[in-house]
file entry20.cif (mmCIF, N, CA and C atoms)
data_entry
#
loop_
_atom_site.label_atom_id
_atom_site.label_comp_id
_atom_site.auth_asym_id
_atom_site.auth_seq_id
_atom_site.Cartn_x
_atom_site.Cartn_y
_atom_site.Cartn_z
N MET A 26 14.35 -142.49 -83.81
CA MET A 26 15.24 -141.69 -84.63
C MET A 26 16.08 -142.62 -85.51
N ASP A 27 16.29 -142.25 -86.76
CA ASP A 27 17.13 -143.03 -87.65
C ASP A 27 18.54 -143.13 -87.10
N GLN A 28 19.28 -144.16 -87.54
CA GLN A 28 20.65 -144.33 -87.06
C GLN A 28 21.49 -143.10 -87.35
N ALA A 29 21.39 -142.57 -88.55
CA ALA A 29 22.13 -141.35 -88.90
C ALA A 29 21.30 -140.60 -89.92
N ARG A 30 20.48 -139.70 -89.45
CA ARG A 30 19.63 -138.97 -90.39
C ARG A 30 20.14 -137.55 -90.53
N THR A 31 20.08 -137.08 -91.73
CA THR A 31 20.53 -135.72 -91.99
C THR A 31 19.37 -134.77 -91.78
N LEU A 32 19.56 -133.81 -90.86
CA LEU A 32 18.50 -132.85 -90.57
C LEU A 32 18.77 -131.51 -91.21
N THR A 33 20.00 -131.02 -91.10
CA THR A 33 20.32 -129.71 -91.67
C THR A 33 21.65 -129.80 -92.37
N GLY A 34 21.70 -129.26 -93.57
CA GLY A 34 22.97 -129.20 -94.30
C GLY A 34 23.63 -130.56 -94.40
N SER A 35 24.87 -130.61 -93.94
CA SER A 35 25.60 -131.86 -94.03
C SER A 35 25.99 -132.36 -92.64
N SER A 36 25.14 -132.14 -91.65
CA SER A 36 25.37 -132.66 -90.31
C SER A 36 24.47 -133.86 -90.08
N SER A 37 25.02 -134.91 -89.50
CA SER A 37 24.25 -136.09 -89.14
C SER A 37 24.23 -136.21 -87.63
N PHE A 38 23.25 -136.95 -87.13
CA PHE A 38 23.09 -137.14 -85.70
C PHE A 38 23.04 -138.63 -85.42
N ILE A 39 23.82 -139.08 -84.43
CA ILE A 39 23.82 -140.49 -84.05
C ILE A 39 23.78 -140.62 -82.54
N SER A 40 23.42 -141.81 -82.09
CA SER A 40 23.42 -142.12 -80.67
C SER A 40 24.79 -142.67 -80.29
N ILE A 41 25.25 -142.32 -79.10
CA ILE A 41 26.56 -142.81 -78.63
C ILE A 41 26.55 -144.32 -78.47
N SER A 42 25.38 -144.91 -78.31
CA SER A 42 25.29 -146.36 -78.14
C SER A 42 25.79 -147.11 -79.37
N ARG A 43 25.83 -146.46 -80.52
CA ARG A 43 26.37 -147.13 -81.71
C ARG A 43 27.84 -147.47 -81.53
N PHE A 44 28.58 -146.64 -80.79
CA PHE A 44 29.98 -146.97 -80.51
C PHE A 44 30.05 -148.20 -79.61
N ASP A 45 29.14 -148.29 -78.65
CA ASP A 45 29.10 -149.45 -77.75
C ASP A 45 28.82 -150.74 -78.51
N ARG A 46 28.08 -150.63 -79.61
CA ARG A 46 27.74 -151.82 -80.41
C ARG A 46 28.83 -152.14 -81.43
N GLY A 47 29.95 -151.45 -81.38
CA GLY A 47 31.07 -151.74 -82.27
C GLY A 47 30.89 -151.23 -83.68
N GLU A 48 30.15 -150.15 -83.85
CA GLU A 48 29.89 -149.61 -85.19
C GLU A 48 30.79 -148.43 -85.54
N ALA A 49 31.94 -148.32 -84.89
CA ALA A 49 32.82 -147.17 -85.13
C ALA A 49 33.24 -147.06 -86.59
N ASN A 50 33.62 -148.17 -87.22
CA ASN A 50 34.04 -148.12 -88.62
C ASN A 50 32.92 -147.60 -89.52
N GLN A 51 31.70 -148.06 -89.28
CA GLN A 51 30.56 -147.60 -90.07
C GLN A 51 30.30 -146.11 -89.82
N ILE A 52 30.44 -145.66 -88.58
CA ILE A 52 30.23 -144.25 -88.25
C ILE A 52 31.24 -143.39 -88.98
N PHE A 53 32.51 -143.82 -88.96
CA PHE A 53 33.54 -143.03 -89.64
C PHE A 53 33.34 -143.04 -91.15
N ALA A 54 32.82 -144.12 -91.69
CA ALA A 54 32.49 -144.16 -93.12
C ALA A 54 31.37 -143.17 -93.43
N GLU A 55 30.38 -143.08 -92.54
CA GLU A 55 29.29 -142.12 -92.71
C GLU A 55 29.81 -140.69 -92.61
N LEU A 56 30.83 -140.48 -91.80
CA LEU A 56 31.41 -139.15 -91.65
C LEU A 56 31.95 -138.65 -92.98
N GLY A 57 32.45 -139.56 -93.80
CA GLY A 57 32.96 -139.17 -95.11
C GLY A 57 31.88 -138.57 -96.01
N ASP A 58 30.62 -138.92 -95.76
CA ASP A 58 29.51 -138.41 -96.56
C ASP A 58 28.99 -137.06 -96.09
N SER A 59 29.40 -136.64 -94.89
CA SER A 59 28.94 -135.35 -94.36
C SER A 59 30.13 -134.64 -93.74
N SER A 60 29.97 -133.36 -93.44
CA SER A 60 31.09 -132.62 -92.86
C SER A 60 31.22 -132.85 -91.37
N SER A 61 30.14 -133.30 -90.72
CA SER A 61 30.22 -133.57 -89.29
C SER A 61 29.12 -134.52 -88.86
N ILE A 62 29.35 -135.17 -87.72
CA ILE A 62 28.36 -136.02 -87.09
C ILE A 62 28.28 -135.62 -85.63
N LYS A 63 27.08 -135.28 -85.18
CA LYS A 63 26.87 -134.95 -83.78
C LYS A 63 26.50 -136.23 -83.04
N VAL A 64 27.17 -136.47 -81.90
CA VAL A 64 26.94 -137.67 -81.11
C VAL A 64 26.10 -137.30 -79.89
N PHE A 65 24.97 -138.00 -79.73
CA PHE A 65 24.05 -137.71 -78.64
C PHE A 65 24.02 -138.84 -77.61
N GLU A 66 23.86 -138.44 -76.35
CA GLU A 66 23.66 -139.38 -75.25
C GLU A 66 22.57 -138.80 -74.36
N ASN A 67 21.53 -139.57 -74.13
CA ASN A 67 20.39 -139.12 -73.31
C ASN A 67 19.82 -137.80 -73.82
N GLY A 68 19.73 -137.65 -75.12
CA GLY A 68 19.13 -136.47 -75.72
C GLY A 68 20.00 -135.23 -75.75
N GLU A 69 21.25 -135.33 -75.30
CA GLU A 69 22.16 -134.18 -75.30
C GLU A 69 23.36 -134.46 -76.20
N CYS A 70 23.78 -133.43 -76.92
CA CYS A 70 24.97 -133.56 -77.76
C CYS A 70 26.20 -133.63 -76.86
N VAL A 71 26.95 -134.73 -76.94
CA VAL A 71 28.13 -134.90 -76.10
C VAL A 71 29.43 -134.79 -76.88
N ASP A 72 29.34 -134.81 -78.20
CA ASP A 72 30.55 -134.74 -79.02
C ASP A 72 30.15 -134.43 -80.45
N GLU A 73 31.14 -134.02 -81.22
CA GLU A 73 30.92 -133.80 -82.64
C GLU A 73 32.16 -134.25 -83.39
N LEU A 74 31.97 -135.12 -84.33
CA LEU A 74 33.07 -135.60 -85.17
C LEU A 74 33.08 -134.77 -86.44
N VAL A 75 34.26 -134.33 -86.86
CA VAL A 75 34.37 -133.53 -88.08
C VAL A 75 35.44 -134.14 -88.99
N VAL A 76 35.27 -133.91 -90.28
CA VAL A 76 36.25 -134.40 -91.25
C VAL A 76 37.53 -133.57 -91.10
N PRO A 77 38.68 -134.14 -91.44
CA PRO A 77 39.96 -133.42 -91.27
C PRO A 77 40.00 -132.07 -91.98
N GLN A 78 39.40 -131.96 -93.16
CA GLN A 78 39.42 -130.69 -93.88
C GLN A 78 38.68 -129.61 -93.11
N ARG A 79 37.55 -129.96 -92.52
CA ARG A 79 36.79 -128.97 -91.75
C ARG A 79 37.56 -128.59 -90.48
N TYR A 80 38.18 -129.58 -89.84
CA TYR A 80 38.97 -129.30 -88.64
C TYR A 80 40.11 -128.34 -88.97
N ALA A 81 40.82 -128.60 -90.07
CA ALA A 81 41.94 -127.73 -90.47
C ALA A 81 41.44 -126.31 -90.75
N ALA A 82 40.28 -126.20 -91.40
CA ALA A 82 39.72 -124.87 -91.69
C ALA A 82 39.35 -124.14 -90.40
N MET A 83 38.80 -124.87 -89.43
CA MET A 83 38.43 -124.25 -88.15
C MET A 83 39.68 -123.77 -87.41
N ILE A 84 40.74 -124.57 -87.41
CA ILE A 84 41.98 -124.18 -86.75
C ILE A 84 42.58 -122.95 -87.42
N GLU A 85 42.56 -122.93 -88.75
CA GLU A 85 43.08 -121.77 -89.48
C GLU A 85 42.29 -120.50 -89.14
N MET A 86 40.97 -120.62 -89.04
CA MET A 86 40.15 -119.46 -88.69
C MET A 86 40.47 -118.98 -87.27
N LEU A 87 40.68 -119.91 -86.35
CA LEU A 87 41.04 -119.52 -84.98
C LEU A 87 42.39 -118.82 -84.93
N GLU A 88 43.35 -119.33 -85.69
CA GLU A 88 44.67 -118.69 -85.73
C GLU A 88 44.58 -117.29 -86.32
N GLU A 89 43.81 -117.14 -87.40
CA GLU A 89 43.64 -115.82 -88.02
C GLU A 89 42.94 -114.86 -87.06
N TYR A 90 41.97 -115.36 -86.31
CA TYR A 90 41.26 -114.53 -85.35
C TYR A 90 42.20 -114.07 -84.24
N ALA A 91 43.06 -114.98 -83.77
CA ALA A 91 44.03 -114.61 -82.73
C ALA A 91 44.97 -113.52 -83.24
N LEU A 92 45.42 -113.64 -84.48
CA LEU A 92 46.28 -112.61 -85.07
C LEU A 92 45.54 -111.29 -85.21
N TRP A 93 44.28 -111.36 -85.61
CA TRP A 93 43.48 -110.13 -85.74
C TRP A 93 43.32 -109.46 -84.38
N LEU A 94 43.04 -110.25 -83.33
CA LEU A 94 42.90 -109.69 -81.98
C LEU A 94 44.18 -108.99 -81.54
N GLU A 95 45.32 -109.62 -81.81
CA GLU A 95 46.60 -109.02 -81.44
C GLU A 95 46.83 -107.72 -82.20
N ALA A 96 46.54 -107.72 -83.49
CA ALA A 96 46.69 -106.50 -84.29
C ALA A 96 45.76 -105.40 -83.79
N GLU A 97 44.54 -105.77 -83.45
CA GLU A 97 43.58 -104.79 -82.94
C GLU A 97 44.04 -104.23 -81.60
N LYS A 98 44.57 -105.09 -80.73
CA LYS A 98 45.08 -104.64 -79.43
C LYS A 98 46.23 -103.66 -79.62
N ARG A 99 47.14 -103.99 -80.53
CA ARG A 99 48.27 -103.10 -80.78
C ARG A 99 47.81 -101.78 -81.39
N TYR A 100 46.84 -101.84 -82.28
CA TYR A 100 46.33 -100.63 -82.90
C TYR A 100 45.68 -99.72 -81.86
N GLN A 101 44.89 -100.31 -80.96
CA GLN A 101 44.20 -99.53 -79.94
C GLN A 101 45.17 -98.88 -78.96
N SER A 102 46.30 -99.55 -78.68
CA SER A 102 47.25 -99.02 -77.70
C SER A 102 48.30 -98.11 -78.33
N ALA A 103 48.31 -98.03 -79.66
CA ALA A 103 49.31 -97.21 -80.35
C ALA A 103 49.01 -95.73 -80.14
N GLN A 104 50.07 -94.95 -79.97
CA GLN A 104 49.95 -93.50 -79.83
C GLN A 104 50.32 -92.89 -81.18
N ALA A 105 49.58 -91.89 -81.58
CA ALA A 105 49.79 -91.27 -82.90
C ALA A 105 51.23 -90.79 -83.08
N GLY A 106 51.87 -90.31 -82.04
CA GLY A 106 53.24 -89.81 -82.15
C GLY A 106 54.26 -90.91 -82.35
N ASN A 107 53.90 -92.16 -82.09
CA ASN A 107 54.84 -93.28 -82.21
C ASN A 107 54.78 -93.98 -83.56
N TRP A 108 53.94 -93.50 -84.44
CA TRP A 108 53.78 -94.15 -85.73
C TRP A 108 54.95 -93.78 -86.65
N LEU A 109 55.35 -94.72 -87.49
CA LEU A 109 56.38 -94.47 -88.49
C LEU A 109 55.73 -94.43 -89.87
N THR A 110 56.27 -93.59 -90.71
CA THR A 110 55.82 -93.60 -92.10
C THR A 110 56.48 -94.79 -92.79
N GLU A 111 55.99 -95.14 -93.95
CA GLU A 111 56.58 -96.24 -94.71
C GLU A 111 58.04 -95.94 -95.02
N GLU A 112 58.33 -94.70 -95.38
CA GLU A 112 59.70 -94.31 -95.71
C GLU A 112 60.61 -94.46 -94.50
N GLN A 113 60.14 -94.05 -93.31
CA GLN A 113 60.94 -94.18 -92.09
C GLN A 113 61.21 -95.65 -91.77
N LEU A 114 60.20 -96.47 -91.91
CA LEU A 114 60.35 -97.89 -91.62
C LEU A 114 61.37 -98.53 -92.56
N LEU A 115 61.24 -98.25 -93.85
CA LEU A 115 62.18 -98.82 -94.82
C LEU A 115 63.60 -98.34 -94.55
N ALA A 116 63.76 -97.05 -94.20
CA ALA A 116 65.09 -96.52 -93.89
C ALA A 116 65.66 -97.19 -92.65
N ASP A 117 64.84 -97.39 -91.62
CA ASP A 117 65.29 -98.06 -90.39
C ASP A 117 65.73 -99.49 -90.67
N LEU A 118 65.07 -100.14 -91.60
CA LEU A 118 65.41 -101.52 -91.95
C LEU A 118 66.51 -101.62 -92.99
N GLY A 119 66.91 -100.49 -93.54
CA GLY A 119 67.96 -100.49 -94.56
C GLY A 119 67.48 -101.01 -95.90
N VAL A 120 66.22 -100.82 -96.19
CA VAL A 120 65.64 -101.29 -97.45
C VAL A 120 65.30 -100.08 -98.29
N SER A 121 65.71 -100.12 -99.55
CA SER A 121 65.37 -99.00 -100.43
C SER A 121 63.95 -99.19 -100.95
N PRO A 122 63.28 -98.10 -101.28
CA PRO A 122 61.92 -98.22 -101.82
C PRO A 122 61.84 -99.06 -103.08
N LEU A 123 62.93 -99.11 -103.85
CA LEU A 123 62.93 -99.92 -105.07
C LEU A 123 62.94 -101.42 -104.76
N GLU A 124 63.59 -101.80 -103.65
CA GLU A 124 63.62 -103.21 -103.26
C GLU A 124 62.27 -103.67 -102.73
N PHE A 125 61.54 -102.75 -102.18
CA PHE A 125 60.26 -103.08 -101.58
C PHE A 125 59.25 -103.20 -102.67
#
call {"tool": "encode", "arguments": {"input": "entry20.cif", "output": "structure tokens"}}
result
Amino acid sequence: MDQARTLTGSSSFISISRFDRGEANQIFAELGDSSSIKVFENGECVDELVVPQRYAAMIEMLEEYALWLEAEKRYQSAQAGNWLTEEQLLADLGVSPLEF
């Protein structure tokens, strides 16, 4: 297998032994050319390195998903009689419709 060959999209695959040989700087430089590098040991993926932009995007998606789950949970447990109209909510908050 090549040291870092691209098989699909922008993912590269490397052997963990490259870290043992002191090639970390070269590996991180290669990471800049792709969005991720999968690290293999004995034929199994043991880790995946991702660029900071991809990591930030993944964290943002997880946070948005957690918020969506909470909203869905609240929606499912809401009783129709407990709902407020927009006008009631604004009045309770002391906000006029013109300010909103």
call {"tool": "atom_distance", "arguments": {"input": "entry20.cif", "atom1": "CA of Gln51 in chain A", "atom2": "CA of Asp72 in chain A"}}
result
17.0 Å
call {"tool": "atom_distance", "arguments": {"input": "entry20.cif", "atom1": "CA of Trp93 in chain A", "atom2": "atom N of Ala105 in chain A"}}
result
19.7 Å
call {"tool": "residues_around", "arguments": {"input": "entry20.cif", "residues": "Arg43 in chain A", "least_positions_apart": "3", "cutoff": "12 Å", "atoms": "only C-alpha atoms", "output": "list in words"}}
result
Asp27, Gln28, Ala29, Phe38, Ile39, Ser40, Arg46, Gly47, Glu48, Ala49, Asn50, Gln51, Ile52, Phe53, Val64, Phe65 and Glu66 of chain A
call {"tool": "atom_distance", "arguments": {"input": "entry20.cif", "atom1": "CA of Leu94 in chain A", "atom2": "CA of Glu73 in chain A"}}
result
26.9 Å
call {"tool": "closest_residue", "arguments": {"input": "entry20.cif", "among": "A:Leu114, A:Ala54, A:Asn107, A:Ser60", "to": "Tyr80 in chain A", "atoms": "all atoms listed in the file"}}
result
A:Ser60
call {"tool": "resolve_selection", "arguments": {"input": "entry20.cif", "expression": "the PyMOL selection byres ((chain A and resi 61) around 6)", "output": "short mmCIF file (atom, residue, chain, number, x, y, z; two decimals) with N, CA and C atoms, in the frame of the given file"}}
result
data_model
loop_
_atom_site.label_atom_id
_atom_site.label_comp_id
_atom_site.auth_asym_id
_atom_site.auth_seq_id
_atom_site.Cartn_x
_atom_site.Cartn_y
_atom_site.Cartn_z
N SER A 35 24.87 -130.61 -93.94
CA SER A 35 25.60 -131.86 -94.03
C SER A 35 25.99 -132.36 -92.64
N SER A 36 25.14 -132.14 -91.65
CA SER A 36 25.37 -132.66 -90.31
C SER A 36 24.47 -133.86 -90.08
N SER A 37 25.02 -134.91 -89.50
CA SER A 37 24.25 -136.09 -89.14
C SER A 37 24.23 -136.21 -87.63
N LEU A 56 30.83 -140.48 -91.80
CA LEU A 56 31.41 -139.15 -91.65
C LEU A 56 31.95 -138.65 -92.98
N SER A 59 29.40 -136.64 -94.89
CA SER A 59 28.94 -135.35 -94.36
C SER A 59 30.13 -134.64 -93.74
N SER A 60 29.97 -133.36 -93.44
CA SER A 60 31.09 -132.62 -92.86
C SER A 60 31.22 -132.85 -91.37
N ILE A 62 29.35 -135.17 -87.72
CA ILE A 62 28.36 -136.02 -87.09
C ILE A 62 28.28 -135.62 -85.63
N LYS A 63 27.08 -135.28 -85.18
CA LYS A 63 26.87 -134.95 -83.78
C LYS A 63 26.50 -136.23 -83.04
N LEU A 74 31.97 -135.12 -84.33
CA LEU A 74 33.07 -135.60 -85.17
C LEU A 74 33.08 -134.77 -86.44
N VAL A 75 34.26 -134.33 -86.86
CA VAL A 75 34.37 -133.53 -88.08
C VAL A 75 35.44 -134.14 -88.99
N VAL A 76 35.27 -133.91 -90.28
CA VAL A 76 36.25 -134.40 -91.25
C VAL A 76 37.53 -133.57 -91.10
#
call {"tool": "select_by_dssp", "arguments": {"input": "entry20.cif", "residues": "chain A", "states": "strand (DSSP E or B)", "output": "ChimeraX atom specification"}}
result
/A:30-33,36-40,61-66,69-75
